[in-house]
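K.L.:
Input file: upload20.tsv. Contents: TSV, C-alpha atoms and all ligand atoms.
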```tsv
chain	number	residue	atom	x	y	z
T	30	THR	CA	11.54	4.72	-11.51
T	31	GLY	CA	13.43	1.43	-11.67
T	32	THR	CA	13.25	-1.15	-8.92
T	33	LEU	CA	13.88	0.03	-5.41
T	34	THR	CA	14.43	-2.27	-2.42
T	35	ILE	CA	14.27	-0.44	0.88
T	36	LEU	CA	14.92	-1.61	4.43
T	37	GLY	CA	12.88	0.15	7.14
T	38	LEU	CA	13.62	0.27	10.88
T	39	GLU	CA	11.25	1.19	13.70
T	40	SER	CA	12.14	1.57	17.40
T	41	SER	CA	10.26	4.60	18.68
T	42	CYS	CA	8.11	2.97	21.36
T	43	ASP	CA	7.98	-0.61	22.60
T	44	ASP	CA	8.19	-2.56	19.34
T	45	THR	CA	11.46	-3.22	17.55
T	46	ALA	CA	10.83	-3.80	13.86
T	47	ALA	CA	12.52	-4.24	10.50
T	48	ALA	CA	10.85	-4.62	7.11
T	49	ILE	CA	11.81	-4.79	3.47
T	50	ILE	CA	9.70	-3.29	0.73
T	51	ARG	CA	10.25	-3.46	-3.02
T	52	GLN	CA	8.70	-1.33	-5.69
T	53	SER	CA	9.25	-1.73	-9.43
T	54	GLY	CA	8.52	1.44	-11.37
T	55	THR	CA	4.98	2.55	-10.60
T	56	ASP	CA	3.75	-0.93	-9.63
T	57	ALA	CA	2.14	-1.45	-6.24
T	58	PRO	CA	4.85	-1.81	-3.59
T	59	GLU	CA	5.42	-5.30	-2.22
T	60	ILE	CA	6.17	-6.14	1.42
T	61	LEU	CA	8.93	-8.75	1.20
T	62	ALA	CA	9.30	-9.07	4.98
T	63	SER	CA	7.95	-7.41	8.11
T	64	VAL	CA	9.37	-8.50	11.45
T	65	VAL	CA	8.17	-7.12	14.79
T	66	HIS	CA	9.58	-7.97	18.21
T	67	GLY	CA	7.36	-6.56	20.98
T	68	GLN	CA	8.52	-5.77	24.50
T	69	THR	CA	5.26	-6.23	26.38
T	70	GLU	CA	6.68	-8.84	28.79
T	71	LEU	CA	9.74	-6.70	29.57
T	72	HIS	CA	7.61	-3.79	30.74
T	73	ALA	CA	4.77	-5.80	32.29
T	74	PRO	CA	6.16	-5.76	35.88
T	75	PHE	CA	6.27	-1.94	35.77
T	76	GLY	CA	2.75	-1.28	34.49
T	77	GLY	CA	3.95	0.85	31.59
T	78	VAL	CA	6.77	1.32	29.10
T	79	VAL	CA	10.08	2.07	30.88
T	80	PRO	CA	12.17	4.20	28.44
T	81	GLU	CA	15.55	2.94	29.67
T	82	ILE	CA	14.55	-0.71	29.34
T	83	ALA	CA	12.98	-0.03	25.94
T	84	ALA	CA	16.13	1.63	24.58
T	85	ARG	CA	18.35	-1.23	25.68
T	86	ALA	CA	16.00	-3.83	24.20
T	87	HIS	CA	15.86	-1.96	20.88
T	88	ALA	CA	19.66	-1.81	20.72
T	89	GLU	CA	19.77	-5.58	21.28
T	90	LYS	CA	16.90	-6.53	18.97
T	91	LEU	CA	17.46	-4.34	15.90
T	92	ASP	CA	20.18	-6.59	14.45
T	93	ILE	CA	18.04	-9.67	15.02
T	94	CYS	CA	15.04	-8.07	13.32
T	95	ILE	CA	17.18	-7.09	10.33
T	96	GLU	CA	18.65	-10.60	10.02
T	97	GLU	CA	15.17	-12.13	10.19
T	98	ALA	CA	13.80	-9.70	7.60
T	99	LEU	CA	16.68	-10.49	5.22
T	100	ALA	CA	16.25	-14.23	5.73
T	101	ALA	CA	12.48	-14.03	5.19
T	102	SER	CA	12.92	-12.16	1.92
T	103	ASN	CA	15.91	-14.22	0.72
T	104	LEU	CA	18.05	-11.11	0.39
T	105	THR	CA	21.49	-10.02	1.53
T	106	LEU	CA	22.45	-6.55	2.71
T	107	PRO	CA	24.21	-5.56	-0.56
T	108	GLU	CA	20.86	-6.00	-2.34
T	109	ILE	CA	19.31	-3.17	-0.28
T	110	ASP	CA	19.13	0.18	-2.13
T	111	ALA	CA	18.26	2.52	0.75
T	112	ILE	CA	17.63	2.57	4.52
T	113	ALA	CA	14.57	4.24	6.05
T	114	VAL	CA	14.38	4.81	9.79
T	115	THR	CA	11.97	6.37	12.28
T	116	ALA	CA	13.67	9.60	13.38
T	117	GLY	CA	10.84	10.62	15.75
T	118	PRO	CA	8.57	11.34	17.47
T	119	GLY	CA	8.99	8.84	20.29
T	120	LEU	CA	11.04	7.77	23.28
T	121	ILE	CA	14.39	9.32	22.52
T	122	GLY	CA	16.58	6.37	23.57
T	123	GLY	CA	14.76	4.01	21.24
T	124	VAL	CA	14.68	6.46	18.34
T	125	LEU	CA	18.42	7.02	18.80
T	126	SER	CA	19.11	3.26	18.68
T	127	GLY	CA	17.32	3.05	15.35
T	128	VAL	CA	18.90	6.15	13.86
T	129	MET	CA	22.42	5.05	14.84
T	130	CYS	CA	21.85	1.57	13.45
T	131	ALA	CA	20.53	3.06	10.19
T	132	LYS	CA	23.47	5.43	9.91
T	133	GLY	CA	25.91	2.55	10.40
T	134	LEU	CA	24.22	0.49	7.69
T	135	ALA	CA	23.92	3.38	5.23
T	136	THR	CA	27.60	4.27	5.70
T	137	GLY	CA	28.81	0.68	5.54
T	138	LEU	CA	26.80	-0.10	2.42
T	139	ALA	CA	27.26	3.38	0.89
T	140	ILE	CA	23.54	3.73	0.23
T	141	PRO	CA	21.06	6.57	0.93
T	142	LEU	CA	19.53	7.16	4.34
T	143	VAL	CA	15.99	8.51	4.73
T	144	GLY	CA	14.61	9.69	8.08
T	145	VAL	CA	10.88	9.11	8.55
T	146	ASN	CA	8.31	10.68	10.86
T	147	HIS	CA	6.58	7.81	12.68
T	148	LEU	CA	3.19	9.53	12.31
T	149	ALA	CA	3.72	9.91	8.56
T	150	GLY	CA	4.41	6.17	8.52
T	151	HIS	CA	0.98	5.46	10.05
T	152	ALA	CA	-0.70	8.11	7.90
T	153	LEU	CA	0.70	6.77	4.61
T	154	THR	CA	-0.08	3.09	5.33
T	155	PRO	CA	-3.40	3.18	3.39
T	156	ARG	CA	-1.35	3.98	0.29
T	157	LEU	CA	0.83	0.94	0.90
T	158	THR	CA	-2.07	-1.43	1.53
T	159	ASP	CA	-4.80	-0.04	-0.73
T	160	GLN	CA	-3.02	2.33	-3.14
T	161	ILE	CA	-5.21	5.22	-1.87
T	162	THR	CA	-4.40	8.43	-3.79
T	163	PHE	CA	-4.09	11.90	-2.23
T	164	PRO	CA	-5.98	13.62	-0.73
T	165	TYR	CA	-7.73	11.64	1.99
T	166	LEU	CA	-8.90	12.17	5.55
T	167	MET	CA	-6.96	10.24	8.15
T	168	LEU	CA	-7.84	9.36	11.74
T	169	LEU	CA	-4.70	8.30	13.54
T	170	VAL	CA	-5.52	6.60	16.86
T	171	SER	CA	-2.89	4.78	18.86
T	172	GLY	CA	-1.39	4.47	22.33
T	173	GLY	CA	0.48	7.73	21.92
T	174	HIS	CA	-1.46	9.67	19.32
T	175	CYS	CA	-4.91	10.79	18.33
T	176	GLN	CA	-5.47	13.23	15.51
T	177	PHE	CA	-7.37	14.01	12.33
T	178	LEU	CA	-5.15	14.78	9.36
T	179	ILE	CA	-5.77	15.61	5.76
T	180	ALA	CA	-3.06	13.87	3.74
T	181	HIS	CA	-2.21	16.05	0.73
T	182	GLY	CA	1.14	14.45	-0.14
T	183	PRO	CA	3.92	12.27	1.31
T	184	GLU	CA	5.19	15.18	3.38
T	185	SER	CA	2.16	17.40	3.40
T	186	PHE	CA	-0.49	16.98	6.09
T	187	SER	CA	-2.89	19.42	7.68
T	188	ARG	CA	-4.23	18.80	11.15
T	189	LEU	CA	-7.94	19.30	11.85
T	190	GLY	CA	-7.77	18.52	15.56
T	191	GLY	CA	-6.79	15.87	18.04
T	192	THR	CA	-6.56	14.95	21.68
T	193	ILE	CA	-5.64	17.69	24.12
T	194	ASP	CA	-4.40	15.15	26.71
T	195	ASP	CA	-4.27	11.34	26.60
T	196	ALA	CA	-4.56	9.18	23.48
T	197	PRO	CA	-7.39	6.61	23.48
T	198	GLY	CA	-4.96	3.68	23.52
T	199	GLU	CA	-3.44	5.07	26.70
T	200	ALA	CA	-6.94	5.30	28.20
T	201	PHE	CA	-7.62	1.66	27.24
T	202	ASP	CA	-4.30	0.63	28.81
T	203	LYS	CA	-4.99	2.57	32.04
T	204	THR	CA	-8.51	1.14	32.24
T	205	ALA	CA	-7.07	-2.36	32.00
T	206	ARG	CA	-4.58	-1.57	34.75
T	207	LEU	CA	-7.31	-0.19	37.04
T	208	LEU	CA	-9.39	-3.33	36.53
T	209	GLY	CA	-6.55	-5.83	36.76
T	210	LEU	CA	-6.76	-6.88	33.10
T	211	PRO	CA	-3.70	-7.83	31.02
T	212	GLN	CA	-1.68	-5.37	28.88
T	213	PRO	CA	-1.95	-4.12	26.21
T	214	GLY	CA	-5.30	-2.90	27.50
T	215	GLY	CA	-7.07	-2.39	24.17
T	216	PRO	CA	-7.75	-6.02	23.29
T	217	SER	CA	-8.50	-7.09	26.89
T	218	VAL	CA	-10.89	-4.19	27.55
T	219	GLN	CA	-12.61	-4.83	24.21
T	220	ALA	CA	-13.09	-8.52	25.08
T	221	GLU	CA	-14.62	-7.61	28.48
T	222	ALA	CA	-16.78	-4.87	26.94
T	223	GLU	CA	-18.38	-7.42	24.62
T	224	LYS	CA	-19.77	-9.23	27.70
T	225	GLY	CA	-20.90	-6.06	29.48
T	226	ASP	CA	-23.81	-3.64	29.66
T	227	PRO	CA	-22.71	-0.24	28.29
T	228	LYS	CA	-25.65	1.52	29.98
T	229	ARG	CA	-24.97	0.53	33.61
T	230	PHE	CA	-22.21	3.11	34.09
T	231	ARG	CA	-22.59	6.46	32.36
T	232	PHE	CA	-19.17	7.97	31.67
T	233	PRO	CA	-18.57	11.52	30.39
T	234	ARG	CA	-18.25	12.37	26.69
T	235	PRO	CA	-15.71	15.22	27.01
T	236	LEU	CA	-15.65	18.20	24.62
T	237	LEU	CA	-18.72	17.12	22.65
T	238	ASP	CA	-20.33	20.41	23.66
T	239	ARG	CA	-17.44	22.34	22.11
T	240	PRO	CA	-17.11	22.99	18.40
T	241	GLY	CA	-14.25	21.53	16.40
T	242	CYS	CA	-12.44	18.22	16.32
T	243	ASP	CA	-10.43	18.31	19.54
T	244	MET	CA	-10.87	15.46	22.01
T	245	SER	CA	-10.03	14.67	25.61
T	246	PHE	CA	-9.68	11.24	27.21
T	247	SER	CA	-7.93	11.86	30.53
T	248	GLY	CA	-11.17	12.60	32.43
T	249	LEU	CA	-12.51	9.19	31.43
T	250	LYS	CA	-9.97	7.27	33.48
T	251	THR	CA	-10.76	9.38	36.55
T	252	ALA	CA	-14.46	8.67	36.05
T	253	LEU	CA	-13.68	4.97	35.69
T	254	LEU	CA	-11.56	4.98	38.84
T	255	ARG	CA	-14.43	6.59	40.79
T	256	ALA	CA	-17.01	4.16	39.46
T	257	ARG	CA	-14.75	1.21	40.28
T	258	ASP	CA	-14.11	2.45	43.82
T	259	ALA	CA	-17.82	3.08	44.36
T	260	VAL	CA	-18.59	-0.54	43.46
T	261	ILE	CA	-15.75	-1.81	45.69
T	262	ALA	CA	-16.92	0.37	48.59
T	263	GLU	CA	-20.44	-0.98	48.22
T	264	LYS	CA	-19.73	-4.67	47.66
T	265	GLY	CA	-16.18	-5.17	48.87
T	266	GLY	CA	-14.86	-6.16	45.45
T	267	LEU	CA	-15.51	-6.42	41.73
T	268	THR	CA	-17.38	-9.30	40.16
T	269	LYS	CA	-16.73	-10.49	36.60
T	270	GLN	CA	-19.91	-8.70	35.53
T	271	ASP	CA	-18.91	-5.43	37.25
T	272	ARG	CA	-15.65	-5.52	35.35
T	273	ALA	CA	-17.38	-6.23	32.02
T	274	ASP	CA	-19.94	-3.45	32.61
T	275	LEU	CA	-17.19	-0.95	33.49
T	276	CYS	CA	-15.33	-1.87	30.29
T	277	ALA	CA	-18.50	-1.62	28.22
T	278	GLY	CA	-19.33	1.81	29.67
T	279	PHE	CA	-15.79	3.04	29.09
T	280	GLN	CA	-15.56	1.74	25.53
T	281	SER	CA	-18.93	3.16	24.57
T	282	ALA	CA	-17.81	6.62	25.78
T	283	VAL	CA	-14.63	6.40	23.67
T	284	VAL	CA	-16.64	5.22	20.65
T	285	ASP	CA	-19.16	8.08	21.03
T	286	VAL	CA	-16.43	10.74	21.25
T	287	LEU	CA	-14.46	9.36	18.30
T	288	ALA	CA	-17.66	8.98	16.26
T	289	GLU	CA	-18.94	12.52	16.81
T	290	LYS	CA	-15.54	14.11	16.19
T	291	THR	CA	-15.04	11.99	13.08
T	292	ARG	CA	-18.41	13.18	11.77
T	293	ARG	CA	-17.23	16.78	12.20
T	294	ALA	CA	-13.79	16.17	10.68
T	295	LEU	CA	-15.41	14.47	7.71
T	296	GLU	CA	-17.75	17.42	7.21
T	297	LEU	CA	-14.79	19.84	7.20
T	298	TYR	CA	-12.80	17.60	4.88
T	299	LEU	CA	-15.66	17.01	2.42
T	300	ALA	CA	-16.39	20.74	2.20
T	301	GLU	CA	-12.90	21.19	0.75
T	302	ASN	CA	-12.56	17.87	-1.09
T	303	PRO	CA	-16.05	16.92	-2.32
T	304	GLY	CA	-14.63	14.81	-5.13
T	305	LYS	CA	-12.55	12.56	-2.87
T	306	PRO	CA	-14.71	11.07	-0.11
T	307	VAL	CA	-12.23	8.79	1.67
T	308	LEU	CA	-11.64	8.19	5.38
T	309	ALA	CA	-8.68	6.08	6.40
T	310	VAL	CA	-7.85	4.98	9.95
T	311	ALA	CA	-4.58	3.71	11.34
T	312	GLY	CA	-2.85	3.19	14.68
T	313	GLY	CA	-3.32	0.41	17.21
T	314	VAL	CA	-6.75	1.56	18.40
T	315	ALA	CA	-8.07	1.18	14.85
T	316	ALA	CA	-8.00	-2.53	15.67
T	317	ASN	CA	-11.02	-2.02	17.95
T	318	THR	CA	-14.06	-3.64	16.34
T	319	ALA	CA	-16.64	-1.35	18.00
T	320	ILE	CA	-14.75	1.75	16.87
T	321	ARG	CA	-14.34	0.39	13.35
T	322	ALA	CA	-18.03	-0.47	13.11
T	323	ARG	CA	-19.13	3.05	14.14
T	324	LEU	CA	-16.69	4.70	11.74
T	325	GLU	CA	-17.97	2.50	8.92
T	326	THR	CA	-21.54	3.59	9.70
T	327	ILE	CA	-20.54	7.27	9.60
T	328	CYS	CA	-18.82	6.74	6.26
T	329	ALA	CA	-21.84	4.93	4.84
T	330	GLU	CA	-24.09	7.83	5.93
T	331	ASN	CA	-21.76	10.26	4.15
T	332	VAL	CA	-21.20	8.17	0.99
T	333	THR	CA	-17.55	7.99	1.95
T	334	THR	CA	-15.13	5.14	1.35
T	335	PHE	CA	-13.77	3.67	4.58
T	336	THR	CA	-10.38	2.05	4.60
T	337	ALA	CA	-8.30	0.54	7.37
T	338	PRO	CA	-5.03	-1.32	6.98
T	339	PRO	CA	-4.91	-4.95	8.15
T	340	LEU	CA	-4.28	-5.18	11.89
T	341	HIS	CA	-0.59	-6.03	11.74
T	342	LEU	CA	-0.02	-2.86	9.70
T	343	CYS	CA	-2.27	-0.74	11.99
T	344	THR	CA	-0.05	-1.28	15.03
T	345	ASP	CA	3.61	-0.26	15.06
T	346	ASN	CA	5.65	-1.95	12.34
T	347	ALA	CA	8.54	-1.17	10.03
T	348	ALA	CA	6.76	-1.81	6.71
T	349	MET	CA	5.05	1.56	7.13
T	350	ILE	CA	8.43	3.18	7.82
T	351	ALA	CA	10.03	1.55	4.78
T	352	TYR	CA	7.07	2.67	2.69
T	353	ALA	CA	7.09	6.27	3.97
T	354	GLY	CA	10.85	6.31	3.31
T	355	LEU	CA	10.24	5.06	-0.20
T	356	GLU	CA	7.73	7.84	-0.85
T	357	ARG	CA	10.17	10.46	0.47
T	358	PHE	CA	13.04	8.98	-1.52
T	359	ARG	CA	10.99	8.86	-4.74
T	360	ALA	CA	10.17	12.53	-4.10
T	361	GLY	CA	13.89	13.31	-4.01
T	362	ALA	CA	14.38	13.57	-0.25
T	363	LYS	CA	17.50	12.20	1.40
T	364	ASP	CA	19.22	12.58	4.75
T	365	ASP	CA	22.83	12.34	5.80
T	366	MET	CA	24.85	11.70	8.95
T	367	THR	CA	23.44	14.88	10.51
T	368	LEU	CA	19.99	13.20	10.76
T	369	SER	CA	18.93	13.60	14.38
T	370	ALA	CA	16.54	11.70	16.61
T	371	ARG	CA	13.60	13.88	17.64
T	372	PRO	CA	11.46	13.15	20.71
T	373	ARG	CA	8.83	15.60	19.42
T	374	TRP	CA	8.05	16.06	15.76
T	375	PRO	CA	4.59	17.23	14.77
T	376	LEU	CA	3.51	16.42	11.22
U	401	LIG	O1	-0.05	2.03	17.11
U	401	LIG	P1	0.35	1.26	18.32
U	401	LIG	O2	0.86	-0.14	18.13
U	401	LIG	O3	1.47	1.99	19.13
U	401	LIG	C1	1.53	3.36	19.31
U	401	LIG	O4	0.93	3.81	20.30
U	401	LIG	O5	2.17	4.06	18.46
U	401	LIG	O6	-0.91	1.26	19.31
U	401	LIG	C2	-0.90	0.57	20.53
U	401	LIG	C3	-2.16	0.92	21.30
U	401	LIG	C4	-2.18	0.37	22.72
U	401	LIG	O7	-2.53	1.42	23.59
U	401	LIG	C5	-3.27	-0.70	22.66
U	401	LIG	O8	-3.96	-0.87	23.89
U	401	LIG	C6	-4.19	-0.15	21.59
U	401	LIG	O9	-3.32	0.39	20.62
U	401	LIG	N1	-5.04	-1.20	21.03
U	401	LIG	C7	-6.39	-1.21	21.12
U	401	LIG	C8	-6.83	-2.41	20.53
U	401	LIG	N2	-5.73	-3.10	20.10
U	401	LIG	C9	-4.65	-2.35	20.40
U	401	LIG	N3	-7.23	-0.31	21.65
U	401	LIG	C10	-8.55	-0.60	21.60
U	401	LIG	N4	-9.05	-1.73	21.08
U	401	LIG	C11	-8.24	-2.67	20.54
U	401	LIG	N5	-8.76	-3.80	20.03
U	402	ZN	ZN	2.57	4.12	16.31
```
Please express what this file holds, its structure, as structure tokens.
P.N.:
Amino acid sequence: TGTLTILGLESSCDDTAAAIIRQSGTDAPEILASVVHGQTELHAPFGGVVPEIAARAHAEKLDICIEEALAASNLTLPEIDAIAVTAGPGLIGGVLSGVMCAKGLATGLAIPLVGVNHLAGHALTPRLTDQITFPYLMLLVSGGHCQFLIAHGPESFSRLGGTIDDAPGEAFDKTARLLGLPQPGGPSVQAEAEKGDPKRFRFPRPLLDRPGCDMSFSGLKTALLRARDAVIAEKGGLTKQDRADLCAGFQSAVVDVLAEKTRRALELYLAENPGKPVLAVAGGVAANTAIRARLETICAENVTTFTAPPLHLCTDNAAMIAYAGLERFRAGAKDDMTLSARPRWPL
């Protein structure tokens, strides 16, 4: 109890972020500042995130993000009670930049350090934004991750299934690259899909014939590549409409797979937790309006509450890291200078 002001740092992929969260007693936590500096332009010439460039940019931008977060919340460093930092999973150079920065601050200010799992950050966001209580079913869909989790507690998650290869965000990004659309691919493919005919190209719905909640998205990009090349071979190029139809076909395949697997995950979850019908989504792909709409329909059919954080808290940010750190800290967890950066760290 008491008032706790916590600074969170995130640098595990291609966004550098700092945020400050304050919680008084058992009141709802308040986001005092949330600053995100993306690196999209830095990586654009290479067609994907370059780990070495990302790490260097994080090292340069972390201080700036922290200064901006302090300025936005009218606070100074001595007013911070604890530091939370993403300690994995992610690109190791970036995670290391964040962990070292956090260690320096915690030592200099003589305050506690709390390492946070990036996935736990996403998975706990519905508690930050909507005060959702445990347990709940979580679909985490981003550029790097895709899994169904039951959240039992701040550090207790069980996994019902997930992708066996690519994450959907990655598939959206690759689709955009194959069609010459801007990165990140999610928003640009979605915009094209809205103008296209989802029935013109029929893409596979992998693993729907298999039981369980596992998914696969890598075959989709191969199918898209073939369909694109078939059109080019036939007509010598792609028209605007071809591009829109390819996007619509691709997106509708992703939506169908996510929808069917969500239906199954919800069934499994509800069998164990009939008194707590809640599905939460998070991760960058949760920003997709077609995906959101289908998930809302499934929830309505199953008398289940649907909740999704606002978009800026769905994609990578440090408010979710500060909040996950706060939950861990309130639960008595604490790290020290032996905290290590982990490239892999399953929940
Ligand atoms: O959670 P996030 O910011 O980063 C991690 O991967 O952890 O998610 C970024 C991903 C990118 O692949 C991006 O293309 C995708 O989320 N995304 C979308 C949409 N907006 C962002 N995918 C589909 N539809 C969208 N509207
Ligand atoms: Zn993420």
K.L.:
May I ask which of the residues T:Leu106, T:Cys175, T:Ile261, T:Leu91 is the closest one to ligand ZN 402 (chain U), counting all atoms listed in the file?
P.N.:
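The closest residue to ligand ZN 402 (chain U) is T:Cys175.
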K.L.:
Determine, counting all atoms listed in the file, which protein, DNA and RNA residues have an atom within 7 Å of an atom of Asp44 in chain T; residues of the same chain fewer than 3 positions away are not included. Present the result as JSON, numbers by chain.
P.N.:
{"T": [40, 65, 66, 67, 68, 345]}
K.L.:
Could those selected residues go to a file with C-alpha atoms, as a short mmCIF file (atom, residue, chain, number, x, y, z; two decimals), in the frame of the given file?
P.N.:
```cif
data_model
loop_
_atom_site.label_atom_id
_atom_site.label_comp_id
_atom_site.auth_asym_id
_atom_site.auth_seq_id
_atom_site.Cartn_x
_atom_site.Cartn_y
_atom_site.Cartn_z
CA SER T 40 12.14 1.57 17.40
CA VAL T 65 8.17 -7.12 14.79
CA HIS T 66 9.58 -7.97 18.21
CA GLY T 67 7.36 -6.56 20.98
CA GLN T 68 8.52 -5.77 24.50
CA ASP T 345 3.61 -0.26 15.06
#
```
K.L.:
Would you name the residues within 10 Å of ligand ZN 402 (chain U), counting all atoms listed in the file, and put them as a tab-separated table (two decimals) with C-alpha atoms, in the frame of the given file?
P.N.:
```
chain	number	residue	atom	x	y	z
T	39	GLU	CA	11.25	1.19	13.70
T	40	SER	CA	12.14	1.57	17.40
T	41	SER	CA	10.26	4.60	18.68
T	42	CYS	CA	8.11	2.97	21.36
T	43	ASP	CA	7.98	-0.61	22.60
T	44	ASP	CA	8.19	-2.56	19.34
T	118	PRO	CA	8.57	11.34	17.47
T	119	GLY	CA	8.99	8.84	20.29
T	147	HIS	CA	6.58	7.81	12.68
T	148	LEU	CA	3.19	9.53	12.31
T	149	ALA	CA	3.72	9.91	8.56
T	150	GLY	CA	4.41	6.17	8.52
T	151	HIS	CA	0.98	5.46	10.05
T	152	ALA	CA	-0.70	8.11	7.90
T	169	LEU	CA	-4.70	8.30	13.54
T	170	VAL	CA	-5.52	6.60	16.86
T	171	SER	CA	-2.89	4.78	18.86
T	172	GLY	CA	-1.39	4.47	22.33
T	173	GLY	CA	0.48	7.73	21.92
T	174	HIS	CA	-1.46	9.67	19.32
T	311	ALA	CA	-4.58	3.71	11.34
T	312	GLY	CA	-2.85	3.19	14.68
T	313	GLY	CA	-3.32	0.41	17.21
T	314	VAL	CA	-6.75	1.56	18.40
T	342	LEU	CA	-0.02	-2.86	9.70
T	343	CYS	CA	-2.27	-0.74	11.99
T	344	THR	CA	-0.05	-1.28	15.03
T	345	ASP	CA	3.61	-0.26	15.06
T	346	ASN	CA	5.65	-1.95	12.34
T	349	MET	CA	5.05	1.56	7.13
```
K.L.:
Which residues of range 136-222 of chain T have any atom within 12 Å of an atom in range 330-337 of chain T when counting all atoms listed in the file, and what is the closest pair of atoms for each, with the distance in Å to one decimal? Order the rows by chain and rising number and write it as a Markdown table.
P.N.:
```
| residue | atom | partner | partner_atom | distance |
| --- | --- | --- | --- | --- |
| T:His151 | CA | T:Ala337 | CA | 10.8 |
| T:Ala152 | CA | T:Ala337 | CA | 10.7 |
| T:Leu153 | CA | T:Ala337 | CA | 11.3 |
| T:Thr154 | CA | T:Ala337 | CA | 8.8 |
| T:Pro155 | CA | T:Ala337 | CA | 6.8 |
| T:Arg156 | CA | T:Thr336 | CA | 10.2 |
| T:Leu157 | CA | T:Ala337 | CA | 11.2 |
| T:Thr158 | CA | T:Ala337 | CA | 8.8 |
| T:Asp159 | CA | T:Thr336 | CA | 8.0 |
| T:Gln160 | CA | T:Thr336 | CA | 10.7 |
| T:Ile161 | CA | T:Thr336 | CA | 8.9 |
| T:Tyr165 | CA | T:Thr334 | CA | 9.9 |
| T:Leu166 | CA | T:Phe335 | CA | 9.8 |
| T:Met167 | CA | T:Thr336 | CA | 9.6 |
| T:Leu168 | CA | T:Ala337 | CA | 9.9 |
| T:Leu169 | CA | T:Ala337 | CA | 10.5 |
| T:Val170 | CA | T:Ala337 | CA | 11.6 |
```
K.L.:
Just the selected residues (C-alpha atoms), exported as a PDB file, in the coordinates of the input, please.
P.N.:
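As written to disk, result26.pdb reads:
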```pdb
ATOM      1  CA  HIS T 151       0.980   5.460  10.050  1.00  0.00           C
ATOM      2  CA  ALA T 152      -0.700   8.110   7.900  1.00  0.00           C
ATOM      3  CA  LEU T 153       0.700   6.770   4.610  1.00  0.00           C
ATOM      4  CA  THR T 154      -0.080   3.090   5.330  1.00  0.00           C
ATOM      5  CA  PRO T 155      -3.400   3.180   3.390  1.00  0.00           C
ATOM      6  CA  ARG T 156      -1.350   3.980   0.290  1.00  0.00           C
ATOM      7  CA  LEU T 157       0.830   0.940   0.900  1.00  0.00           C
ATOM      8  CA  THR T 158      -2.070  -1.430   1.530  1.00  0.00           C
ATOM      9  CA  ASP T 159      -4.800  -0.040  -0.730  1.00  0.00           C
ATOM     10  CA  GLN T 160      -3.020   2.330  -3.140  1.00  0.00           C
ATOM     11  CA  ILE T 161      -5.210   5.220  -1.870  1.00  0.00           C
ATOM     12  CA  TYR T 165      -7.730  11.640   1.990  1.00  0.00           C
ATOM     13  CA  LEU T 166      -8.900  12.170   5.550  1.00  0.00           C
ATOM     14  CA  MET T 167      -6.960  10.240   8.150  1.00  0.00           C
ATOM     15  CA  LEU T 168      -7.840   9.360  11.740  1.00  0.00           C
ATOM     16  CA  LEU T 169      -4.700   8.300  13.540  1.00  0.00           C
ATOM     17  CA  VAL T 170      -5.520   6.600  16.860  1.00  0.00           C
TER      18      VAL T 170
END
```
K.L.:
Could you tell me how far CA of Asp238 in chain T lies from CA of Ile193 in chain T, in Å and to one decimal?
P.N.:
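Here the two named atoms are 14.9 Å from each other.
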K.L.:
Of the candidates T:Arg293, T:Arg85, T:Lys305, T:His341, which shows the shortest atom-to-atom distance to Leu189 in chain T, using all atoms listed in the file?
P.N.:
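Ranked by minimum distance to Leu189 in chain T, first place goes to T:Arg293.
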K.L.:
Would you compute the distance between CA of Thr318 in chain T and CA of Val218 in chain T? Give it in Å to one decimal.
P.N.:
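Distance between the two atoms: 11.7 Å.
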K.L.:
Given the choices T:Ile140, T:Cys242, T:Ala273, T:Ala322, which gets closest to Lys363 in chain T if the distance is worked out from only C-alpha atoms?
P.N.:
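Nearest to Lys363 in chain T: T:Ile140.
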K.L.:
Quick one: everything within 8 Å of Pro80 in chain T, counting only C-alpha atoms, minus sequence neighbours fewer than 4 positions away in the same chain. Send it as number ranges by chain.
P.N.:
T: 84, 120, 122-123
K.L.:
Have range 251-257 of chain T completed to N, CA and C atoms, please, and pass it along as an mmCIF file, keeping the file's coordinate frame.
P.N.:
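The file below, part10.cif, is the result:
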```cif
data_model
loop_
_atom_site.group_PDB
_atom_site.id
_atom_site.type_symbol
_atom_site.label_atom_id
_atom_site.label_comp_id
_atom_site.auth_asym_id
_atom_site.auth_seq_id
_atom_site.Cartn_x
_atom_site.Cartn_y
_atom_site.Cartn_z
ATOM 1 N N THR T 251 -10.388 8.951 35.208
ATOM 2 C CA THR T 251 -10.760 9.380 36.550
ATOM 3 C C THR T 251 -12.190 8.925 36.861
ATOM 4 N N ALA T 252 -13.075 9.092 35.878
ATOM 5 C CA ALA T 252 -14.460 8.670 36.050
ATOM 6 C C ALA T 252 -14.533 7.166 36.286
ATOM 7 N N LEU T 253 -13.699 6.427 35.547
ATOM 8 C CA LEU T 253 -13.680 4.970 35.690
ATOM 9 C C LEU T 253 -13.176 4.575 37.072
ATOM 10 N N LEU T 254 -12.129 5.257 37.516
ATOM 11 C CA LEU T 254 -11.560 4.980 38.840
ATOM 12 C C LEU T 254 -12.630 5.195 39.930
ATOM 13 N N ARG T 255 -13.383 6.296 39.813
ATOM 14 C CA ARG T 255 -14.430 6.590 40.790
ATOM 15 C C ARG T 255 -15.520 5.522 40.787
ATOM 16 N N ALA T 256 -15.943 5.163 39.582
ATOM 17 C CA ALA T 256 -17.010 4.160 39.460
ATOM 18 C C ALA T 256 -16.543 2.822 40.046
ATOM 19 N N ARG T 257 -15.303 2.464 39.753
ATOM 20 C CA ARG T 257 -14.750 1.210 40.280
ATOM 21 C C ARG T 257 -14.733 1.249 41.797
#
```
